[in-house]
>>> print(open('model-v8.cif').read())   # mmCIF, C-alpha atoms
data_work
loop_
_atom_site.label_atom_id
_atom_site.label_comp_id
_atom_site.auth_asym_id
_atom_site.auth_seq_id
_atom_site.Cartn_x
_atom_site.Cartn_y
_atom_site.Cartn_z
CA MET A 1 84.10 98.57 79.18
CA PRO A 2 86.78 97.85 81.86
CA ASN A 3 90.38 98.68 80.98
CA ILE A 4 92.75 96.01 82.32
CA MET A 5 96.54 96.21 82.19
CA ILE A 6 98.42 92.93 81.70
CA LEU A 7 101.85 93.46 83.26
CA THR A 8 104.18 90.65 82.18
CA THR A 9 107.25 89.60 84.16
CA GLY A 10 108.12 86.28 82.44
CA GLY A 11 107.62 82.65 83.43
CA SER A 12 106.11 79.62 81.70
CA ILE A 13 103.04 81.56 80.62
CA ALA A 14 105.22 83.34 78.05
CA THR A 15 107.69 80.52 77.32
CA ARG A 16 107.88 78.55 74.10
CA ARG A 17 110.21 75.57 73.88
CA GLY A 18 111.90 74.61 70.67
CA PRO A 19 112.23 71.11 69.16
CA ILE A 20 115.57 70.37 70.83
CA VAL A 21 116.31 69.73 74.49
CA ALA A 22 116.63 73.04 76.35
CA GLY A 23 116.04 74.91 73.10
CA THR A 24 113.92 78.01 73.26
CA LEU A 25 112.04 80.24 70.88
CA PRO A 26 111.41 83.95 71.46
CA PRO A 27 108.98 84.45 74.37
CA LEU A 28 105.33 85.21 73.74
CA LYS A 29 104.68 88.94 73.53
CA GLY A 30 101.57 90.83 74.54
CA ASP A 31 100.28 90.80 70.97
CA ASP A 32 100.73 87.02 70.82
CA LEU A 33 98.69 86.51 73.98
CA LEU A 34 96.07 89.03 72.87
CA ALA A 35 95.59 87.20 69.57
CA MET A 36 94.95 83.93 71.40
CA LEU A 37 92.60 85.29 74.06
CA PRO A 38 88.83 85.22 73.62
CA GLN A 39 86.99 88.54 73.80
CA HIS A 40 85.84 89.41 77.33
CA GLY A 41 84.19 92.77 76.88
CA THR A 42 87.34 94.33 78.28
CA GLU A 43 90.02 96.59 76.86
CA LEU A 44 93.45 95.02 77.39
CA ILE A 45 96.71 96.94 77.66
CA PHE A 46 99.90 94.88 77.67
CA GLU A 47 103.13 96.12 79.22
CA ALA A 48 106.37 94.20 79.79
CA PHE A 49 107.99 94.81 83.17
CA ALA A 50 110.56 91.97 83.00
CA ASN A 51 111.19 88.60 81.36
CA LEU A 52 112.45 86.32 84.12
CA PRO A 53 111.75 82.72 85.09
CA GLY A 54 110.26 82.54 88.58
CA SER A 55 113.44 80.91 89.89
CA HIS A 56 115.42 84.01 88.83
CA GLN A 57 113.18 86.45 90.70
CA THR A 58 114.45 88.01 93.95
CA PRO A 59 112.71 89.76 96.85
CA ALA A 60 114.38 93.00 95.80
CA GLY A 61 113.03 92.51 92.27
CA ALA A 62 109.55 91.81 93.61
CA HIS A 63 109.80 94.95 95.77
CA GLU A 64 110.70 96.93 92.66
CA LEU A 65 107.65 95.45 90.93
CA ALA A 66 105.49 96.52 93.89
CA ARG A 67 106.81 100.07 93.69
CA TYR A 68 106.06 100.19 89.97
CA VAL A 69 102.53 98.87 90.44
CA ALA A 70 102.00 101.57 93.10
CA THR A 71 102.86 104.24 90.52
CA ILE A 72 100.41 102.99 87.88
CA ILE A 73 97.47 101.67 89.90
CA GLU A 74 95.92 105.13 90.25
CA ARG A 75 95.88 105.85 86.53
CA PRO A 76 92.26 106.87 85.88
CA GLU A 77 92.08 104.84 82.67
CA LEU A 78 92.90 101.58 84.49
CA ASP A 79 90.26 99.50 86.23
CA GLY A 80 92.49 96.61 87.28
CA ILE A 81 95.90 94.98 86.83
CA VAL A 82 96.82 91.39 85.97
CA ILE A 83 100.45 90.41 86.59
CA THR A 84 101.88 87.31 84.92
CA HIS A 85 104.72 85.68 86.86
CA GLY A 86 106.81 82.52 86.92
CA THR A 87 105.25 79.92 89.19
CA ASP A 88 108.39 79.01 91.18
CA THR A 89 108.22 82.14 93.34
CA LEU A 90 104.81 83.55 92.42
CA GLU A 91 103.42 83.03 95.92
CA GLU A 92 106.26 85.05 97.47
CA SER A 93 105.91 87.96 95.03
CA ALA A 94 102.14 87.97 95.51
CA TYR A 95 102.49 88.16 99.29
CA LEU A 96 105.12 90.91 99.07
CA LEU A 97 102.81 92.97 96.87
CA ASP A 98 99.90 92.33 99.22
CA LEU A 99 101.91 93.53 102.24
CA THR A 100 103.26 96.66 100.58
CA LEU A 101 100.48 97.94 98.31
CA SER A 102 97.45 99.95 99.30
CA VAL A 103 95.04 98.16 96.97
CA THR A 104 92.37 100.44 95.52
CA LYS A 105 91.70 98.41 92.37
CA PRO A 106 91.84 94.67 91.67
CA ILE A 107 95.38 93.28 91.42
CA VAL A 108 95.51 89.69 90.19
CA MET A 109 98.55 87.47 89.66
CA THR A 110 98.64 84.37 87.49
CA GLY A 111 100.95 82.22 85.41
CA ALA A 112 101.19 78.78 83.85
CA ILE A 113 102.42 75.38 84.96
CA ARG A 114 102.89 74.21 81.34
CA ALA A 115 104.79 75.90 78.49
CA ALA A 116 102.91 77.43 75.56
CA THR A 117 103.92 74.59 73.23
CA SER A 118 102.44 71.94 75.52
CA LEU A 119 99.13 70.38 74.51
CA SER A 120 97.94 71.03 78.07
CA TYR A 121 99.10 74.68 78.17
CA ASP A 122 97.14 76.40 80.93
CA GLY A 123 98.38 79.94 80.44
CA LEU A 124 95.48 81.21 78.33
CA SER A 125 92.76 79.83 80.58
CA ASN A 126 94.50 81.20 83.67
CA LEU A 127 94.98 84.58 82.04
CA ALA A 128 91.37 84.72 80.86
CA ALA A 129 90.11 83.92 84.37
CA ALA A 130 92.47 86.48 85.92
CA ILE A 131 91.16 89.17 83.54
CA ARG A 132 87.59 88.39 84.57
CA VAL A 133 88.51 88.81 88.24
CA ALA A 134 90.43 92.03 87.59
CA ALA A 135 87.37 93.46 85.85
CA GLN A 136 85.29 93.08 89.05
CA PRO A 137 85.54 96.28 91.16
CA GLU A 138 84.66 94.38 94.35
CA ALA A 139 87.78 92.23 93.90
CA ALA A 140 89.80 95.22 95.17
CA GLN A 141 88.50 94.37 98.66
CA LEU A 142 90.43 91.09 98.53
CA GLY A 143 93.89 92.65 98.29
CA VAL A 144 96.32 91.00 95.89
CA VAL A 145 94.98 87.63 94.74
CA VAL A 146 96.29 84.69 92.71
CA VAL A 147 94.09 83.00 90.10
CA PHE A 148 94.88 79.47 88.87
CA GLU A 149 92.54 76.88 87.37
CA GLU A 150 89.63 79.30 87.93
CA ALA A 151 90.18 79.41 91.72
CA ILE A 152 90.79 82.76 93.45
CA HIS A 153 93.33 82.61 96.29
CA ALA A 154 94.42 85.14 98.91
CA ALA A 155 98.08 86.11 98.58
CA ALA A 156 98.84 85.21 102.21
CA ALA A 157 97.35 81.71 101.92
CA VAL A 158 98.21 80.48 98.43
CA GLN A 159 100.97 77.89 97.96
CA GLN A 160 102.21 75.79 95.08
CA THR A 161 101.56 72.28 96.38
CA HIS A 162 102.36 70.20 93.30
CA THR A 163 105.19 70.34 90.76
CA HIS A 164 103.24 69.63 87.56
CA ASP A 165 99.50 69.56 88.26
CA ARG A 166 97.55 72.37 86.63
CA SER A 167 95.75 72.79 89.98
CA ALA A 168 99.10 73.17 91.72
CA PHE A 169 98.11 76.37 93.54
CA THR A 170 95.93 75.86 96.59
CA SER A 171 95.24 77.54 99.95
CA PRO A 172 95.98 74.83 102.54
CA GLY A 173 93.68 74.91 105.53
CA LEU A 174 91.59 77.79 104.22
CA GLY A 175 90.51 77.13 100.65
CA PRO A 176 89.96 79.70 97.86
CA LEU A 177 88.18 83.04 98.22
CA GLY A 178 86.00 82.28 95.21
CA ARG A 179 85.88 80.88 91.71
CA VAL A 180 85.48 81.86 88.08
CA GLU A 181 82.74 79.86 86.37
CA GLY A 182 82.24 80.71 82.71
CA GLU A 183 81.62 84.44 82.50
CA ARG A 184 80.73 84.69 86.21
CA VAL A 185 83.03 85.53 89.10
CA TRP A 186 81.87 84.20 92.46
CA LEU A 187 83.47 85.87 95.49
CA GLU A 188 82.53 83.82 98.54
CA ARG A 189 84.62 85.36 101.33
CA HIS A 190 87.29 87.92 102.15
CA PRO A 191 90.82 87.22 103.48
CA TRP A 192 90.60 86.74 107.23
CA SER A 193 93.42 89.19 107.93
CA ARG A 194 95.57 91.59 105.94
CA GLN A 195 98.52 93.71 107.01
CA GLN A 196 100.45 96.58 105.48
CA ILE A 197 104.19 97.09 105.94
CA SER A 198 105.69 100.24 104.52
CA CYS A 199 109.45 100.30 103.99
CA GLY A 200 111.80 102.06 101.61
CA ARG A 201 113.90 98.93 101.14
CA LEU A 202 113.71 95.40 102.45
CA GLU A 203 116.37 93.61 104.47
CA GLU A 204 117.80 90.89 102.22
CA GLN A 205 120.02 89.21 104.83
CA VAL A 206 117.34 86.84 106.11
CA ASP A 207 117.96 83.09 105.97
CA LEU A 208 115.39 80.29 105.85
CA ILE A 209 116.14 76.97 107.58
CA ARG A 210 113.82 73.96 107.42
CA LEU A 211 114.01 71.39 110.20
CA GLY A 212 114.20 67.66 109.62
CA GLN A 213 114.35 64.79 112.07
CA GLY A 214 117.62 64.91 114.01
CA ALA A 215 118.69 68.16 112.32
CA ASP A 216 122.07 69.42 113.47
CA VAL A 217 122.91 73.08 113.90
CA ARG A 218 125.41 73.57 111.06
CA GLN A 219 123.12 75.76 108.95
CA LEU A 220 122.01 77.71 112.01
CA ARG A 221 125.64 78.22 113.11
CA HIS A 222 126.56 79.42 109.63
CA SER A 223 123.80 82.05 109.73
CA ILE A 224 124.71 83.18 113.24
CA ASP A 225 128.43 83.41 112.47
CA ASP A 226 127.67 85.36 109.28
CA GLY A 227 125.78 87.91 111.37
CA VAL A 228 122.61 87.86 109.29
CA ALA A 229 119.80 90.23 110.24
CA GLY A 230 117.16 87.54 110.61
CA ILE A 231 116.54 83.81 110.47
CA VAL A 232 113.26 82.06 109.69
CA ILE A 233 113.02 78.52 111.06
CA GLU A 234 110.45 76.12 109.66
CA ALA A 235 109.94 74.27 112.93
CA PHE A 236 108.10 71.06 113.71
CA GLY A 237 104.33 71.11 114.13
CA SER A 238 102.98 74.13 115.94
CA GLY A 239 106.42 75.45 116.94
CA ARG A 240 108.97 72.96 118.26
CA VAL A 241 112.71 72.42 117.76
CA PRO A 242 115.25 69.78 118.92
CA PRO A 243 116.54 70.56 122.43
CA TRP A 244 120.13 70.95 121.21
CA TRP A 245 119.03 73.98 119.15
CA LEU A 246 118.07 76.08 122.18
CA PRO A 247 121.56 77.31 123.23
CA HIS A 248 122.29 78.43 119.68
CA LEU A 249 118.95 80.20 119.35
CA SER A 250 119.64 81.96 122.64
CA GLU A 251 123.04 83.06 121.34
CA ALA A 252 121.44 84.42 118.15
CA ILE A 253 118.99 86.49 120.21
CA GLN A 254 121.86 87.85 122.31
CA ARG A 255 123.58 88.89 119.08
CA ARG A 256 120.39 90.80 118.12
CA ILE A 257 119.57 88.44 115.26
CA VAL A 258 115.80 88.29 114.86
CA ILE A 259 114.48 84.72 114.88
CA LEU A 260 111.07 84.04 113.37
CA VAL A 261 109.41 80.64 113.73
CA ALA A 262 107.07 79.24 111.08
CA SER A 263 105.75 75.70 110.78
CA ARG A 264 107.09 73.25 108.25
CA CYS A 265 103.43 72.18 107.88
CA GLY A 266 102.98 75.33 105.79
CA ALA A 267 99.70 76.40 107.40
CA GLY A 268 98.15 76.82 110.83
CA SER A 269 98.82 78.88 113.93
CA LEU A 270 101.66 78.28 116.39
CA GLY A 271 101.42 77.37 120.07
CA ASP A 272 101.00 74.22 122.16
CA GLU A 273 100.76 73.01 125.76
CA TYR A 274 103.70 70.60 125.74
CA GLY A 275 106.15 70.90 128.59
CA TYR A 276 109.20 69.12 127.21
CA VAL A 277 112.43 70.85 126.20
CA GLY A 278 112.32 72.58 122.81
CA ALA A 279 108.55 72.97 122.72
CA PHE A 280 106.71 76.23 122.07
CA HIS A 281 107.05 77.55 125.64
CA ASP A 282 110.87 77.46 125.39
CA LEU A 283 110.85 79.39 122.11
CA ARG A 284 108.49 81.98 123.53
CA GLN A 285 110.68 82.41 126.63
CA LEU A 286 113.69 83.07 124.43
CA GLY A 287 111.83 85.96 122.77
CA LEU A 288 111.43 84.44 119.32
CA LEU A 289 108.79 85.77 116.92
CA PHE A 290 106.06 83.56 115.46
CA ALA A 291 104.64 83.56 111.92
CA HIS A 292 101.10 82.29 112.38
CA ASN A 293 99.37 80.82 109.31
CA LEU A 294 102.36 81.48 107.03
CA SER A 295 104.66 79.13 105.15
CA GLY A 296 108.40 79.51 105.64
CA PRO A 297 108.99 81.33 102.31
CA LYS A 298 106.21 83.82 103.07
CA ALA A 299 107.43 84.31 106.64
CA ARG A 300 110.86 85.18 105.20
CA ILE A 301 109.31 87.80 102.89
CA LYS A 302 107.39 89.34 105.79
CA LEU A 303 110.48 89.46 108.01
CA MET A 304 112.51 91.08 105.22
CA LEU A 305 109.91 93.82 104.95
CA ALA A 306 109.49 94.19 108.71
CA LEU A 307 113.24 94.55 109.24
CA GLY A 308 113.33 97.07 106.40
CA ALA A 309 110.74 99.11 108.28
CA THR A 310 112.00 98.84 111.88
CA ARG A 311 114.52 97.21 114.20
CA ASN A 312 112.52 98.09 117.31
CA PRO A 313 111.76 94.81 119.16
CA ASP A 314 108.33 95.94 120.35
CA GLU A 315 107.30 97.02 116.84
CA LEU A 316 108.55 93.73 115.39
CA HIS A 317 106.58 91.73 117.95
CA HIS A 318 103.48 93.75 117.13
CA CYS A 319 103.96 93.02 113.43
CA PHE A 320 103.87 89.26 114.09
CA GLU A 321 101.18 89.11 116.77
CA ARG A 322 98.60 87.86 114.25
#
>>> encode(input="model-v8.cif", output="structure tokens")
Amino acid sequence: MPNIMILTTGGSIATRRGPIVAGTLPPLKGDDLLAMLPQHGTELIFEAFANLPGSHQTPAGAHELARYVATIIERPELDGIVITHGTDTLEESAYLLDLTLSVTKPIVMTGAIRAATSLSYDGLSNLAAAIRVAAQPEAAQLGVVVVFEEAIHAAAAVQQTHTHDRSAFTSPGLGPLGRVEGERVWLERHPWSRQQISCGRLEEQVDLIRLGQGADVRQLRHSIDDGVAGIVIEAFGSGRVPPWWLPHLSEAIQRRIVILVASRCGAGSLGDEYGYVGAFHDLRQLGLLFAHNLSGPKARIKLMLALGATRNPDELHHCFER
């Protein structure tokens, strides 16, 4: 019988709302969840790591979670780990864990879009599906995965694409790795690419700026003048910025601020053949880095880890080549 640890960190999956606006009741504990779960032929061990809404989580907190998981994953009595997490930043924590952990057993993250007092509460079904995946030894080959609405998603690809829909977590452009159907777990493919970044601490001074039509440079200037370590820009399309951004980006590079370009599309590689000012070729000439197939929030997590590991330009470029 597989032994699965449920490591709780908070979020809607453990939240109960009271009868008044903004009122709360004590959060659901491991015993509460265990009493509501159907039997799966697994032995469940509940442990509380934190009790935070997803919006209160930080990259440093997620890095601490990763270090803790690294200390317990090799326990011989454990066959897999399920981590419950608030949905607001679940995709970022999942990707941070995937980049920093050497996965030898299944590690599955899940949560809930609806609170436990909602008639459409999805926490139990998501948790039950996550347990089934964590009980499959071959799931360790997938790295850290996210399970929602019975779909299994790679940590690097998954995004929350709807505010309230129970199927809010999807993998744009790629689709899920597999599905849970009843008692069966179907694993259809592996993540196309995984990386490992080892660092003692991450660099927290990394800003994220999303471009909009006609965007001025006030946010960019603020980051440059503050002397941040890195800036992630969610650029247009496959890597384009307004022409009036180029002098400021060049100044940032001269000040040794690392600039990483992602797409505001949220998925897809970067690069084009356009010749006008501000297109991909200009950004490449300036020496900017490119976050292929990553959303802006995930690109920021990766840059935080990369800068925590090295400041060598060649090593940073190598980290973002794929």
>>> residues_near_point(input="model-v8.cif", point="(107.7, 70.2, 106.4)", cutoff="12 Å", atoms="all atoms listed in the file", output="list in words")
Thr161, Ile209, Arg210, Leu211, Gly212, Gln213, Ile233, Glu234, Ala235, Phe236, Gly237, Ser238, Gly239, Ala262, Ser263, Arg264, Cys265, Gly266, Ala267, Ser295, Gly296 and Pro297 of chain A
>>> residues_near_point(input="model-v8.cif", point="(96.8, 80.8, 79.0)", cutoff="8 Å", atoms="only C-alpha atoms", output="JSON, numbers by chain")
{"A": [13, 33, 37, 111, 112, 116, 121, 122, 123, 124, 125, 126, 127, 128]}
>>> resolve_selection(input="model-v8.cif", expression="the PyMOL selection byres ((chain A and resi 322) around 8)", output="compact mmCIF listing (two decimals) with C-alpha atoms, in the coordinates of the input")
# COMPACT_ATOMS: atom_id res chain seq x y z
CA ALA A 291 104.64 83.56 111.92
CA HIS A 292 101.10 82.29 112.38
CA CYS A 319 103.96 93.02 113.43
CA PHE A 320 103.87 89.26 114.09
CA GLU A 321 101.18 89.11 116.77
>>> resolve_selection(input="model-v8.cif", expression="the PyMOL selection byres ((chain A and resi 259) around 7)", output="list of chain:residue names")
A:Gly230, A:Ile231, A:Val232, A:Ile257, A:Val258, A:Leu260, A:Val261, A:Leu288, A:Leu289
>>> atom_distance(input="model-v8.cif", atom1="atom CA of A:Thr117", atom2="atom CA of A:Ile83")
21.0 Å
>>> closest_residue(input="model-v8.cif", among="A:Arg67, A:Arg75, A:Arg240, A:Arg201", to="A:Ser102", atoms="all atoms listed in the file")
A:Arg67
>>> resolve_selection(input="model-v8.cif", expression="the PyMOL selection byres ((chain A and resi 137) around 8)", output="ChimeraX atom specification")
/A:79-80,105-106,134-136,138-140
>>> closest_residue(input="model-v8.cif", among="A:Arg284, A:Ile6, A:Ser12, A:Arg311", to="A:Phe49", atoms="all atoms listed in the file")
A:Ile6
>>> closest_residue(input="model-v8.cif", among="A:Ala70, A:Leu208, A:Ile45, A:Val108", to="A:Gly143", atoms="only C-alpha atoms")
A:Val108
>>> decode(input="model-v8.cif", residues="stretch 49-166 of chain A", atoms="C-alpha atoms", output="mmCIF file, in the first residue's frame")
data_model
loop_
_atom_site.group_PDB
_atom_site.id
_atom_site.type_symbol
_atom_site.label_atom_id
_atom_site.label_comp_id
_atom_site.auth_asym_id
_atom_site.auth_seq_id
_atom_site.Cartn_x
_atom_site.Cartn_y
_atom_site.Cartn_z
ATOM 1 C CA PHE A 49 3.952 23.297 6.515
ATOM 2 C CA ALA A 50 2.143 26.671 6.479
ATOM 3 C CA ASN A 51 -1.332 28.203 6.362
ATOM 4 C CA LEU A 52 -1.136 31.013 3.818
ATOM 5 C CA PRO A 53 -3.418 32.211 1.033
ATOM 6 C CA GLY A 54 -1.678 31.953 -2.331
ATOM 7 C CA SER A 55 -1.529 35.749 -2.581
ATOM 8 C CA HIS A 56 0.545 35.855 0.629
ATOM 9 C CA GLN A 57 3.164 33.385 -0.624
ATOM 10 C CA THR A 58 6.593 34.705 -1.670
ATOM 11 C CA PRO A 59 9.403 33.248 -3.786
ATOM 12 C CA ALA A 60 11.535 33.017 -0.652
ATOM 13 C CA GLY A 61 8.733 31.102 1.074
ATOM 14 C CA ALA A 62 8.396 28.761 -1.892
ATOM 15 C CA HIS A 63 12.175 28.232 -1.852
ATOM 16 C CA GLU A 64 11.938 27.317 1.824
ATOM 17 C CA LEU A 65 9.179 24.845 0.944
ATOM 18 C CA ALA A 66 11.426 23.331 -1.738
ATOM 19 C CA ARG A 67 14.264 22.899 0.746
ATOM 20 C CA TYR A 68 11.914 21.188 3.187
ATOM 21 C CA VAL A 69 10.559 18.833 0.538
ATOM 22 C CA ALA A 70 14.167 17.957 -0.370
ATOM 23 C CA THR A 71 14.766 16.853 3.237
ATOM 24 C CA ILE A 72 11.731 14.557 3.420
ATOM 25 C CA ILE A 73 11.434 13.129 -0.099
ATOM 26 C CA GLU A 74 14.021 10.416 0.590
ATOM 27 C CA ARG A 75 12.266 9.057 3.658
ATOM 28 C CA PRO A 76 11.981 5.326 2.921
ATOM 29 C CA GLU A 77 8.409 5.154 4.224
ATOM 30 C CA LEU A 78 7.189 7.754 1.693
ATOM 31 C CA ASP A 79 6.198 6.833 -1.845
ATOM 32 C CA GLY A 80 5.044 10.279 -2.959
ATOM 33 C CA ILE A 81 4.133 13.793 -1.807
ATOM 34 C CA VAL A 82 1.030 15.880 -2.474
ATOM 35 C CA ILE A 83 1.323 19.593 -1.692
ATOM 36 C CA THR A 84 -1.815 21.700 -1.284
ATOM 37 C CA HIS A 85 -1.345 25.370 -2.155
ATOM 38 C CA GLY A 86 -3.342 28.541 -2.746
ATOM 39 C CA THR A 87 -4.210 28.921 -6.410
ATOM 40 C CA ASP A 88 -3.110 32.552 -6.835
ATOM 41 C CA THR A 89 0.590 31.667 -6.998
ATOM 42 C CA LEU A 90 0.474 27.875 -7.248
ATOM 43 C CA GLU A 91 1.990 27.852 -10.736
ATOM 44 C CA GLU A 92 5.012 29.857 -9.559
ATOM 45 C CA SER A 93 5.670 27.655 -6.520
ATOM 46 C CA ALA A 94 5.280 24.525 -8.651
ATOM 47 C CA TYR A 95 7.832 25.783 -11.177
ATOM 48 C CA LEU A 96 10.276 26.821 -8.448
ATOM 49 C CA LEU A 97 10.072 23.344 -6.921
ATOM 50 C CA ASP A 98 10.503 21.749 -10.339
ATOM 51 C CA LEU A 99 13.648 23.798 -11.029
ATOM 52 C CA THR A 100 15.264 23.172 -7.658
ATOM 53 C CA LEU A 101 14.330 19.613 -6.676
ATOM 54 C CA SER A 102 15.926 16.417 -7.868
ATOM 55 C CA VAL A 103 12.682 14.459 -8.151
ATOM 56 C CA THR A 104 13.043 10.787 -7.243
ATOM 57 C CA LYS A 105 9.416 10.215 -6.221
ATOM 58 C CA PRO A 106 6.149 11.744 -7.440
ATOM 59 C CA ILE A 107 5.583 15.315 -6.263
ATOM 60 C CA VAL A 108 2.101 16.626 -7.023
ATOM 61 C CA MET A 109 0.626 20.046 -6.274
ATOM 62 C CA THR A 110 -3.065 20.853 -6.131
ATOM 63 C CA GLY A 111 -5.577 23.196 -4.551
ATOM 64 C CA ALA A 112 -9.126 24.450 -4.947
ATOM 65 C CA ILE A 113 -10.817 27.255 -6.825
ATOM 66 C CA ARG A 114 -13.864 27.175 -4.498
ATOM 67 C CA ALA A 115 -13.985 27.318 -0.685
ATOM 68 C CA ALA A 116 -14.964 24.243 1.330
ATOM 69 C CA THR A 117 -18.397 25.685 2.155
ATOM 70 C CA SER A 118 -19.274 26.168 -1.514
ATOM 71 C CA LEU A 119 -21.702 23.697 -3.088
ATOM 72 C CA SER A 120 -19.218 23.370 -5.958
ATOM 73 C CA TYR A 121 -16.159 22.841 -3.724
ATOM 74 C CA ASP A 122 -13.494 21.169 -5.852
ATOM 75 C CA GLY A 123 -10.862 20.602 -3.194
ATOM 76 C CA LEU A 124 -11.723 16.984 -2.397
ATOM 77 C CA SER A 125 -11.881 15.833 -6.011
ATOM 78 C CA ASN A 126 -8.610 17.594 -6.805
ATOM 79 C CA LEU A 127 -6.937 16.125 -3.737
ATOM 80 C CA ALA A 128 -8.221 12.631 -4.501
ATOM 81 C CA ALA A 129 -6.895 12.840 -8.072
ATOM 82 C CA ALA A 130 -3.551 14.203 -6.865
ATOM 83 C CA ILE A 131 -3.197 11.286 -4.429
ATOM 84 C CA ARG A 132 -3.808 8.818 -7.250
ATOM 85 C CA VAL A 133 -1.050 10.431 -9.318
ATOM 86 C CA ALA A 134 1.360 10.540 -6.372
ATOM 87 C CA ALA A 135 0.812 6.811 -5.848
ATOM 88 C CA GLN A 136 2.125 6.056 -9.364
ATOM 89 C CA PRO A 137 5.920 5.483 -9.268
ATOM 90 C CA GLU A 138 6.274 6.402 -12.951
ATOM 91 C CA ALA A 139 4.927 9.885 -12.183
ATOM 92 C CA ALA A 140 8.363 10.708 -10.721
ATOM 93 C CA GLN A 141 9.634 10.896 -14.314
ATOM 94 C CA LEU A 142 7.393 13.924 -14.893
ATOM 95 C CA GLY A 143 9.073 16.173 -12.332
ATOM 96 C CA VAL A 144 6.774 18.316 -10.213
ATOM 97 C CA VAL A 145 3.241 18.284 -11.624
ATOM 98 C CA VAL A 146 -0.019 20.119 -10.932
ATOM 99 C CA VAL A 147 -3.335 18.230 -10.859
ATOM 100 C CA PHE A 148 -6.643 20.077 -11.290
ATOM 101 C CA GLU A 149 -9.978 18.751 -12.545
ATOM 102 C CA GLU A 150 -8.320 15.364 -13.156
ATOM 103 C CA ALA A 151 -5.791 16.825 -15.639
ATOM 104 C CA ILE A 152 -2.049 16.399 -15.008
ATOM 105 C CA HIS A 153 0.056 19.422 -15.973
ATOM 106 C CA ALA A 154 3.810 20.005 -16.166
ATOM 107 C CA ALA A 155 5.015 22.655 -13.727
ATOM 108 C CA ALA A 156 6.708 24.684 -16.485
ATOM 109 C CA ALA A 157 3.583 24.812 -18.658
ATOM 110 C CA VAL A 158 0.645 25.131 -16.276
ATOM 111 C CA GLN A 159 -1.121 28.487 -15.880
ATOM 112 C CA GLN A 160 -4.285 29.663 -14.192
ATOM 113 C CA THR A 161 -6.283 30.955 -17.151
ATOM 114 C CA HIS A 162 -9.637 31.694 -15.504
ATOM 115 C CA THR A 163 -10.578 33.382 -12.232
ATOM 116 C CA HIS A 164 -13.458 31.129 -11.135
ATOM 117 C CA ASP A 165 -13.762 28.122 -13.449
ATOM 118 C CA ARG A 166 -12.971 24.793 -11.809
#
